[in-house]
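Read the structure below first, then the notes.
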Amino acid sequence: MHVTYDFTGSTVVVTGAGRGIGLAAARFFHGAGAVVWLVGRDGARLKEAADDLEGARFAEVDVTRTAEVESVVADVVADTGRIDVLINNAGILRDRMLWNLSDEDWDSVLAVHLGGPFRFVRACTPHFRRQGRGRVINVTSYAGIHGNAGQTAYSAAKSGIIGFTKTAAKELVRFGVTVNAISPVAETRMISSLPDERRESLKSIIPAGYFAPAGEISWALAYLASDQAGYVTGTVLPVDGGMSI
């Protein structure tokens, strides 16, 4: 049995789409027929990625700025007339022990990881309501569920995404909108930047025994974005090789 997804006619917005899970997701949905908008802060990287995906669009956006978020959502709707899937993946790292964490680092991490999804979902909601349908998928983390030393701000933000996801799910389901989250473990820039000893230590607690390629996470995103997941909302789906067991 071979599972396929067809998103022809759908418009998919992916934040943090310049690399890693976001870029893999953009490639996946483009390959499944969707019009994909790649959103992020590195315009050159986004343009390069979009150029490789015929028909894809890109926008350089700071997700912490309301005006920029609302502007790109308006551009998306003007372009295709709709927004079907929103994947909130944008993130930054400011890893430090609690006692070394500055106000600026704390504020910036929460503003991107938590403020970005809030701004995008708020801006998309009128269009979801008009359509009578929408899919929102937020990217949280193992650290948001279990915590992680040296990642106070990151863990707090990712934990906040879970609360945001569950509440938004309750508020938006009446409009045909599902809101879910995934908690992935993948071979991303964050993982590759770890010292070898730390990487091996982390890998040792994953029952599957490996870090998934970023593209493997896209299958979970596709399911939650599909018609088949219309009765699934408010969930946090671990895509982590059993790490969260």
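In the structure tokens, chains take letters A, B, ... by order of appearance, with residues numbered from 1 within each chain and ligands from 1 in the order shown.
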List every residue of segment 142-209 of chain A that has an atom at most 10 Å from any atom of segment 67-87 of chain A, and for each one report the closest atom pair and its distance in Å to one decimal, counting only C-alpha atoms, with rows sorted by chain and then by increasing residue number, as JSON lines.
```
{"residue": "A:Val177", "atom": "CA", "partner": "A:Asp84", "partner_atom": "CA", "distance": 9.4}
{"residue": "A:Thr178", "atom": "CA", "partner": "A:Val85", "partner_atom": "CA", "distance": 9.8}
{"residue": "A:Val179", "atom": "CA", "partner": "A:Leu86", "partner_atom": "CA", "distance": 9.5}
{"residue": "A:Asn180", "atom": "CA", "partner": "A:Ile87", "partner_atom": "CA", "distance": 9.8}
{"residue": "A:Ala181", "atom": "CA", "partner": "A:Ile87", "partner_atom": "CA", "distance": 9.2}
```
Could you take the residues named above and write them with N, CA and C atoms, as a JSON list (two decimals), in the first residue's frame?
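Writing the result to part_7.json gives the following:
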```
[["chain", "number", "residue", "atom", "x", "y", "z"],
["A", 177, "VAL", "N", -12.25, 24.68, 11.02],
["A", 177, "VAL", "CA", -10.79, 24.82, 11.08],
["A", 177, "VAL", "C", -10.23, 23.87, 12.14],
["A", 178, "THR", "N", -9.25, 23.08, 11.78],
["A", 178, "THR", "CA", -8.56, 22.26, 12.77],
["A", 178, "THR", "C", -7.21, 22.90, 13.10],
["A", 179, "VAL", "N", -6.82, 22.76, 14.35],
["A", 179, "VAL", "CA", -5.54, 23.30, 14.82],
["A", 179, "VAL", "C", -4.82, 22.20, 15.59],
["A", 180, "ASN", "N", -3.69, 21.78, 15.09],
["A", 180, "ASN", "CA", -2.92, 20.73, 15.71],
["A", 180, "ASN", "C", -1.45, 21.13, 15.80],
["A", 181, "ALA", "N", -0.68, 20.31, 16.49],
["A", 181, "ALA", "CA", 0.76, 20.55, 16.59],
["A", 181, "ALA", "C", 1.49, 19.24, 16.39]]
```
(request) Considering only C-alpha atoms, return as a VMD selection string whatever protein or nucleic-acid residues lie within 7 Å of Asn88 of chain A, sequence-local ones (same chain, fewer than 6 positions apart) excluded. (result) chain A and resid 14 to 15 117 137 to 139
Same residues, N, CA and C atoms, output as a PDB file, in the first residue's frame:
```
ATOM      1  N   VAL A  14       4.043  28.213   4.632  1.00  0.00           N
ATOM      2  CA  VAL A  14       4.993  27.604   5.556  1.00  0.00           C
ATOM      3  C   VAL A  14       5.936  28.678   6.070  1.00  0.00           C
ATOM      4  N   THR A  15       5.969  28.887   7.387  1.00  0.00           N
ATOM      5  CA  THR A  15       6.933  29.838   7.943  1.00  0.00           C
ATOM      6  C   THR A  15       8.205  29.094   8.325  1.00  0.00           C
ATOM      7  N   PRO A 117       3.075  32.276  15.549  1.00  0.00           N
ATOM      8  CA  PRO A 117       1.838  31.524  15.321  1.00  0.00           C
ATOM      9  C   PRO A 117       0.578  32.321  15.668  1.00  0.00           C
ATOM     10  N   ILE A 137      -1.150  23.936  11.534  1.00  0.00           N
ATOM     11  CA  ILE A 137      -0.244  22.988  12.184  1.00  0.00           C
ATOM     12  C   ILE A 137       0.920  23.781  12.776  1.00  0.00           C
ATOM     13  N   ASN A 138       1.044  23.709  14.087  1.00  0.00           N
ATOM     14  CA  ASN A 138       2.112  24.405  14.792  1.00  0.00           C
ATOM     15  C   ASN A 138       3.219  23.420  15.154  1.00  0.00           C
ATOM     16  N   VAL A 139       4.444  23.872  15.111  1.00  0.00           N
ATOM     17  CA  VAL A 139       5.572  23.004  15.443  1.00  0.00           C
ATOM     18  C   VAL A 139       6.032  23.294  16.867  1.00  0.00           C
TER      19      VAL A 139
END
```
Which polymer residues have any atom within 10 Å of an atom of Ala208 of chain A, counting only C-alpha atoms, with same-chain residues fewer than 4 positions away left out, as a PDB file with N, CA and C atoms, in the first residue's frame?
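Wrote part_8.pdb, looks like this:
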```
ATOM      1  N   LYS A 203      20.631  10.879  20.797  1.00  0.00           N
ATOM      2  CA  LYS A 203      20.204   9.764  19.959  1.00  0.00           C
ATOM      3  C   LYS A 203      19.940   8.510  20.795  1.00  0.00           C
ATOM      4  N   SER A 204      20.689   8.354  21.877  1.00  0.00           N
ATOM      5  CA  SER A 204      20.572   7.144  22.692  1.00  0.00           C
ATOM      6  C   SER A 204      19.228   7.021  23.388  1.00  0.00           C
ATOM      7  N   ALA A 212      15.372  11.495  12.310  1.00  0.00           N
ATOM      8  CA  ALA A 212      14.697  11.378  11.018  1.00  0.00           C
ATOM      9  C   ALA A 212      15.184  12.455  10.059  1.00  0.00           C
ATOM     10  N   ASP A 240       8.775  11.484  16.640  1.00  0.00           N
ATOM     11  CA  ASP A 240      10.070  11.552  17.316  1.00  0.00           C
ATOM     12  C   ASP A 240      10.734  10.197  17.539  1.00  0.00           C
ATOM     13  N   GLY A 241      10.324   9.192  16.787  1.00  0.00           N
ATOM     14  CA  GLY A 241      10.936   7.890  16.916  1.00  0.00           C
ATOM     15  C   GLY A 241      10.759   7.249  18.284  1.00  0.00           C
ATOM     16  N   GLY A 242       9.745   7.699  19.014  1.00  0.00           N
ATOM     17  CA  GLY A 242       9.468   7.141  20.337  1.00  0.00           C
ATOM     18  C   GLY A 242      10.159   7.858  21.467  1.00  0.00           C
ATOM     19  N   MET A 243      10.807   8.979  21.190  1.00  0.00           N
ATOM     20  CA  MET A 243      11.553   9.699  22.224  1.00  0.00           C
ATOM     21  C   MET A 243      10.675  10.125  23.391  1.00  0.00           C
TER      22      MET A 243
END
```
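Proximity of A:Arg96, A:Lys47, A:Arg19, A:Lys158 to Tyr142 of chain A, computed with only C-alpha atoms, is greatest for A:Lys158.
Closest to Phe164 of chain A among A:Trp219, A:Trp106, A:Trp37, A:Phe118 is A:Phe118, based on only C-alpha atoms.
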(request) Write out as an NGL selection string which residues come within 7 Å of Ser141 of chain A when counting only C-alpha atoms, dropping same-chain ones fewer than 4 positions away. (result) :A and (145 or 158 or 183-184)
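Checking A:Ser159, A:Leu93, A:Thr125, A:Gly147 one by one against Glu171 of chain A, counting only C-alpha atoms, you find the shortest gap at A:Thr125.
Distances from A:Gly16, A:Gly43, A:Gly144, A:Pro207 to Ala90 of chain A were compared using only C-alpha atoms, and the smallest one belongs to A:Gly16.
Of the listed residues A:Asp6, A:Glu216, A:Asp196, A:Asp105, the one whose atoms come nearest to Phe29 of chain A is A:Asp6, with distances taken using only C-alpha atoms.
Candidate residues A:Trp99, A:Phe120, A:Tyr231, A:Tyr5 were compared for distance to Asp62 of chain A, and the nearest is A:Phe120, using only C-alpha atoms.
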(request) Pick out each residue of segment 44-113 of chain A that DSSP on the backbone tags as alpha helix (DSSP H); I need them as a ChimeraX atom specification. (result) /A:44-51,66-80,103-110
Selection above as a file: N, CA and C atoms, as a PDB file, in the first residue's frame:
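The result, written out as part_4.pdb:
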```
ATOM      1  N   ALA A  44      17.138  35.883   0.505  1.00  0.00           N
ATOM      2  CA  ALA A  44      17.966  35.242  -0.514  1.00  0.00           C
ATOM      3  C   ALA A  44      17.801  33.731  -0.478  1.00  0.00           C
ATOM      4  N   ARG A  45      17.795  33.177   0.722  1.00  0.00           N
ATOM      5  CA  ARG A  45      17.624  31.728   0.855  1.00  0.00           C
ATOM      6  C   ARG A  45      16.233  31.296   0.385  1.00  0.00           C
ATOM      7  N   LEU A  46      15.216  32.077   0.726  1.00  0.00           N
ATOM      8  CA  LEU A  46      13.856  31.759   0.311  1.00  0.00           C
ATOM      9  C   LEU A  46      13.710  31.818  -1.205  1.00  0.00           C
ATOM     10  N   LYS A  47      14.320  32.839  -1.821  1.00  0.00           N
ATOM     11  CA  LYS A  47      14.248  32.965  -3.278  1.00  0.00           C
ATOM     12  C   LYS A  47      14.896  31.762  -3.955  1.00  0.00           C
ATOM     13  N   GLU A  48      16.040  31.358  -3.433  1.00  0.00           N
ATOM     14  CA  GLU A  48      16.725  30.200  -3.993  1.00  0.00           C
ATOM     15  C   GLU A  48      15.858  28.947  -3.888  1.00  0.00           C
ATOM     16  N   ALA A  49      15.221  28.781  -2.730  1.00  0.00           N
ATOM     17  CA  ALA A  49      14.356  27.613  -2.545  1.00  0.00           C
ATOM     18  C   ALA A  49      13.140  27.676  -3.459  1.00  0.00           C
ATOM     19  N   ALA A  50      12.535  28.855  -3.554  1.00  0.00           N
ATOM     20  CA  ALA A  50      11.343  29.011  -4.394  1.00  0.00           C
ATOM     21  C   ALA A  50      11.670  28.817  -5.866  1.00  0.00           C
ATOM     22  N   ASP A  51      12.849  29.253  -6.288  1.00  0.00           N
ATOM     23  CA  ASP A  51      13.249  29.082  -7.682  1.00  0.00           C
ATOM     24  C   ASP A  51      13.346  27.609  -8.074  1.00  0.00           C
ATOM     25  N   THR A  66       3.443  42.504  13.342  1.00  0.00           N
ATOM     26  CA  THR A  66       2.056  42.312  12.928  1.00  0.00           C
ATOM     27  C   THR A  66       1.806  42.812  11.513  1.00  0.00           C
ATOM     28  N   ALA A  67       2.319  43.992  11.178  1.00  0.00           N
ATOM     29  CA  ALA A  67       2.062  44.572   9.863  1.00  0.00           C
ATOM     30  C   ALA A  67       2.602  43.686   8.752  1.00  0.00           C
ATOM     31  N   GLU A  68       3.775  43.083   8.954  1.00  0.00           N
ATOM     32  CA  GLU A  68       4.370  42.224   7.937  1.00  0.00           C
ATOM     33  C   GLU A  68       3.578  40.925   7.784  1.00  0.00           C
ATOM     34  N   VAL A  69       3.135  40.378   8.897  1.00  0.00           N
ATOM     35  CA  VAL A  69       2.325  39.154   8.846  1.00  0.00           C
ATOM     36  C   VAL A  69       1.011  39.417   8.114  1.00  0.00           C
ATOM     37  N   GLU A  70       0.320  40.473   8.492  1.00  0.00           N
ATOM     38  CA  GLU A  70      -0.956  40.780   7.860  1.00  0.00           C
ATOM     39  C   GLU A  70      -0.788  41.092   6.377  1.00  0.00           C
ATOM     40  N   SER A  71       0.327  41.717   6.030  1.00  0.00           N
ATOM     41  CA  SER A  71       0.589  42.049   4.630  1.00  0.00           C
ATOM     42  C   SER A  71       0.784  40.801   3.781  1.00  0.00           C
ATOM     43  N   VAL A  72       1.567  39.841   4.282  1.00  0.00           N
ATOM     44  CA  VAL A  72       1.802  38.644   3.469  1.00  0.00           C
ATOM     45  C   VAL A  72       0.536  37.794   3.379  1.00  0.00           C
ATOM     46  N   VAL A  73      -0.258  37.735   4.435  1.00  0.00           N
ATOM     47  CA  VAL A  73      -1.522  36.996   4.360  1.00  0.00           C
ATOM     48  C   VAL A  73      -2.428  37.627   3.300  1.00  0.00           C
ATOM     49  N   ALA A  74      -2.474  38.950   3.263  1.00  0.00           N
ATOM     50  CA  ALA A  74      -3.266  39.636   2.242  1.00  0.00           C
ATOM     51  C   ALA A  74      -2.730  39.333   0.846  1.00  0.00           C
ATOM     52  N   ASP A  75      -1.401  39.272   0.709  1.00  0.00           N
ATOM     53  CA  ASP A  75      -0.792  38.961  -0.589  1.00  0.00           C
ATOM     54  C   ASP A  75      -1.145  37.539  -1.038  1.00  0.00           C
ATOM     55  N   VAL A  76      -1.132  36.609  -0.101  1.00  0.00           N
ATOM     56  CA  VAL A  76      -1.457  35.222  -0.424  1.00  0.00           C
ATOM     57  C   VAL A  76      -2.890  35.122  -0.943  1.00  0.00           C
ATOM     58  N   VAL A  77      -3.802  35.766  -0.233  1.00  0.00           N
ATOM     59  CA  VAL A  77      -5.213  35.707  -0.625  1.00  0.00           C
ATOM     60  C   VAL A  77      -5.432  36.426  -1.957  1.00  0.00           C
ATOM     61  N   ALA A  78      -4.735  37.534  -2.166  1.00  0.00           N
ATOM     62  CA  ALA A  78      -4.848  38.228  -3.445  1.00  0.00           C
ATOM     63  C   ALA A  78      -4.316  37.368  -4.587  1.00  0.00           C
ATOM     64  N   ASP A  79      -3.331  36.543  -4.291  1.00  0.00           N
ATOM     65  CA  ASP A  79      -2.689  35.703  -5.306  1.00  0.00           C
ATOM     66  C   ASP A  79      -3.552  34.517  -5.705  1.00  0.00           C
ATOM     67  N   THR A  80      -4.046  33.786  -4.719  1.00  0.00           N
ATOM     68  CA  THR A  80      -4.770  32.538  -5.025  1.00  0.00           C
ATOM     69  C   THR A  80      -6.229  32.537  -4.584  1.00  0.00           C
ATOM     70  N   ASP A 103      17.026  39.530  29.140  1.00  0.00           N
ATOM     71  CA  ASP A 103      15.652  39.893  28.798  1.00  0.00           C
ATOM     72  C   ASP A 103      15.453  39.862  27.288  1.00  0.00           C
ATOM     73  N   GLU A 104      16.446  40.356  26.558  1.00  0.00           N
ATOM     74  CA  GLU A 104      16.334  40.432  25.105  1.00  0.00           C
ATOM     75  C   GLU A 104      16.226  39.037  24.481  1.00  0.00           C
ATOM     76  N   ASP A 105      17.043  38.104  24.987  1.00  0.00           N
ATOM     77  CA  ASP A 105      16.978  36.741  24.468  1.00  0.00           C
ATOM     78  C   ASP A 105      15.629  36.097  24.772  1.00  0.00           C
ATOM     79  N   TRP A 106      15.179  36.254  25.998  1.00  0.00           N
ATOM     80  CA  TRP A 106      13.875  35.705  26.401  1.00  0.00           C
ATOM     81  C   TRP A 106      12.764  36.253  25.503  1.00  0.00           C
ATOM     82  N   ASP A 107      12.732  37.571  25.373  1.00  0.00           N
ATOM     83  CA  ASP A 107      11.670  38.214  24.598  1.00  0.00           C
ATOM     84  C   ASP A 107      11.710  37.801  23.127  1.00  0.00           C
ATOM     85  N   SER A 108      12.903  37.714  22.551  1.00  0.00           N
ATOM     86  CA  SER A 108      13.003  37.410  21.127  1.00  0.00           C
ATOM     87  C   SER A 108      12.559  35.977  20.830  1.00  0.00           C
ATOM     88  N   VAL A 109      12.910  35.029  21.697  1.00  0.00           N
ATOM     89  CA  VAL A 109      12.520  33.633  21.474  1.00  0.00           C
ATOM     90  C   VAL A 109      11.008  33.485  21.578  1.00  0.00           C
ATOM     91  N   LEU A 110      10.395  34.070  22.584  1.00  0.00           N
ATOM     92  CA  LEU A 110       8.941  33.975  22.715  1.00  0.00           C
ATOM     93  C   LEU A 110       8.226  34.705  21.597  1.00  0.00           C
TER      94      LEU A 110
END
```
(message) If we count only C-alpha atoms and set the cut-off at 8 Å, which residues sit around Ala17 of chain A, ignoring sequence neighbours fewer than 5 positions away in its own chain? Please answer as a PyMOL selection string.
(response) chain A and resi 22-26+38-40+46+89-90
(message) Report, in Å with one decimal, the straight-line distance from atom CA of Arg27 of chain A to atom CA of Gly215 of chain A.
(response) 8.6 Å
(request) Within segment 17-244 of chain A, find each residue whose DSSP state, derived from the backbone, is strand (DSSP E or B), and express the selection as an NGL selection string. (result) :A and (35-40 or 57-60 or 85-88 or 96 or 134-139 or 151 or 177-184 or 186 or 212 or 236-239)
Selected residues written out, N, CA, C and O atoms, as a compact mmCIF listing (two decimals), in the first residue's frame:
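This went into part22.txt:
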```txt
# COMPACT_ATOMS: atom_id res chain seq x y z
N VAL A 35 -0.15 25.24 -4.24
CA VAL A 35 0.58 26.50 -4.39
C VAL A 35 1.20 26.79 -3.02
O VAL A 35 0.48 26.91 -2.03
N VAL A 36 2.50 26.89 -2.98
CA VAL A 36 3.21 27.03 -1.70
C VAL A 36 3.83 28.41 -1.59
O VAL A 36 4.48 28.89 -2.52
N TRP A 37 3.62 29.01 -0.45
CA TRP A 37 4.29 30.26 -0.09
C TRP A 37 5.33 29.96 0.98
O TRP A 37 4.99 29.47 2.06
N LEU A 38 6.59 30.26 0.68
CA LEU A 38 7.68 30.08 1.62
C LEU A 38 7.92 31.41 2.33
O LEU A 38 8.18 32.44 1.68
N VAL A 39 7.82 31.39 3.64
CA VAL A 39 7.92 32.61 4.43
C VAL A 39 9.10 32.48 5.40
O VAL A 39 9.31 31.42 6.00
N GLY A 40 9.86 33.56 5.54
CA GLY A 40 10.97 33.55 6.48
C GLY A 40 11.69 34.88 6.48
O GLY A 40 11.25 35.84 5.84
N ARG A 57 5.92 30.61 -4.36
CA ARG A 57 6.11 32.01 -4.03
C ARG A 57 6.92 32.11 -2.75
O ARG A 57 7.01 31.16 -1.99
N PHE A 58 7.49 33.29 -2.51
CA PHE A 58 8.21 33.48 -1.26
C PHE A 58 7.99 34.91 -0.77
O PHE A 58 7.68 35.81 -1.55
N ALA A 59 8.17 35.09 0.53
CA ALA A 59 8.03 36.42 1.13
C ALA A 59 8.96 36.52 2.33
O ALA A 59 8.98 35.63 3.18
N GLU A 60 9.73 37.59 2.36
CA GLU A 60 10.61 37.87 3.49
C GLU A 60 9.77 38.56 4.57
O GLU A 60 9.29 39.67 4.38
N VAL A 85 -3.83 25.82 4.24
CA VAL A 85 -2.98 25.22 5.26
C VAL A 85 -1.95 26.24 5.71
O VAL A 85 -1.28 26.87 4.89
N LEU A 86 -1.82 26.39 7.02
CA LEU A 86 -0.81 27.24 7.62
C LEU A 86 0.07 26.38 8.50
O LEU A 86 -0.42 25.74 9.44
N ILE A 87 1.37 26.35 8.21
CA ILE A 87 2.33 25.61 9.03
C ILE A 87 3.25 26.61 9.71
O ILE A 87 4.05 27.29 9.06
N ASN A 88 3.10 26.72 11.02
CA ASN A 88 3.90 27.66 11.82
C ASN A 88 5.16 26.95 12.31
O ASN A 88 5.13 26.21 13.30
N ARG A 96 20.85 29.32 26.56
CA ARG A 96 21.69 29.67 27.69
C ARG A 96 21.04 29.15 28.96
O ARG A 96 19.83 28.99 29.02
N GLY A 134 -10.10 25.21 7.14
CA GLY A 134 -8.70 25.58 7.27
C GLY A 134 -7.96 24.55 8.08
O GLY A 134 -8.56 23.79 8.85
N ARG A 135 -6.65 24.51 7.88
CA ARG A 135 -5.79 23.62 8.65
C ARG A 135 -4.61 24.44 9.19
O ARG A 135 -3.91 25.10 8.41
N VAL A 136 -4.42 24.37 10.48
CA VAL A 136 -3.27 25.01 11.12
C VAL A 136 -2.45 23.93 11.79
O VAL A 136 -2.99 23.09 12.52
N ILE A 137 -1.15 23.94 11.53
CA ILE A 137 -0.24 22.99 12.18
C ILE A 137 0.92 23.78 12.78
O ILE A 137 1.65 24.45 12.04
N ASN A 138 1.04 23.71 14.09
CA ASN A 138 2.11 24.41 14.79
C ASN A 138 3.22 23.42 15.15
O ASN A 138 2.94 22.26 15.48
N VAL A 139 4.44 23.87 15.11
CA VAL A 139 5.57 23.00 15.44
C VAL A 139 6.03 23.29 16.87
O VAL A 139 6.51 24.38 17.18
N GLN A 151 17.71 25.57 27.76
CA GLN A 151 16.73 26.07 26.79
C GLN A 151 15.48 26.61 27.50
O GLN A 151 14.36 26.27 27.16
N VAL A 177 -12.25 24.68 11.02
CA VAL A 177 -10.79 24.82 11.08
C VAL A 177 -10.23 23.87 12.14
O VAL A 177 -10.71 23.87 13.28
N THR A 178 -9.25 23.08 11.78
CA THR A 178 -8.56 22.26 12.77
C THR A 178 -7.21 22.90 13.10
O THR A 178 -6.56 23.51 12.24
N VAL A 179 -6.82 22.76 14.35
CA VAL A 179 -5.54 23.30 14.82
C VAL A 179 -4.82 22.20 15.59
O VAL A 179 -5.32 21.72 16.62
N ASN A 180 -3.69 21.78 15.09
CA ASN A 180 -2.92 20.73 15.71
C ASN A 180 -1.45 21.13 15.80
O ASN A 180 -1.03 22.15 15.24
N ALA A 181 -0.68 20.31 16.49
CA ALA A 181 0.76 20.55 16.59
C ALA A 181 1.49 19.24 16.39
O ALA A 181 0.96 18.16 16.64
N ILE A 182 2.72 19.35 15.92
CA ILE A 182 3.60 18.19 15.89
C ILE A 182 4.80 18.49 16.79
O ILE A 182 5.20 19.64 16.97
N SER A 183 5.36 17.42 17.34
CA SER A 183 6.57 17.52 18.15
C SER A 183 7.62 16.64 17.49
O SER A 183 7.69 15.44 17.77
N PRO A 184 8.42 17.21 16.59
CA PRO A 184 9.33 16.39 15.79
C PRO A 184 10.74 16.28 16.36
O PRO A 184 11.19 17.15 17.12
N ALA A 186 14.23 15.65 14.30
CA ALA A 186 14.74 15.45 12.95
C ALA A 186 16.17 15.95 12.83
O ALA A 186 16.66 16.70 13.69
N ALA A 212 15.37 11.50 12.31
CA ALA A 212 14.70 11.38 11.02
C ALA A 212 15.18 12.46 10.06
O ALA A 212 15.46 13.58 10.46
N VAL A 236 -1.40 17.05 19.93
CA VAL A 236 0.04 17.21 19.75
C VAL A 236 0.58 15.85 19.33
O VAL A 236 0.57 14.90 20.10
N LEU A 237 1.00 15.75 18.09
CA LEU A 237 1.45 14.48 17.53
C LEU A 237 2.97 14.37 17.64
O LEU A 237 3.68 15.13 16.97
N PRO A 238 3.47 13.46 18.45
CA PRO A 238 4.92 13.25 18.49
C PRO A 238 5.38 12.55 17.21
O PRO A 238 4.82 11.52 16.83
N VAL A 239 6.37 13.12 16.56
CA VAL A 239 6.99 12.50 15.39
C VAL A 239 8.47 12.41 15.74
O VAL A 239 9.30 13.17 15.24
```
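Reported to one decimal place, the separation of atom CA of Thr188 of chain A from atom CA of Gly230 of chain A is 29.2 Å.
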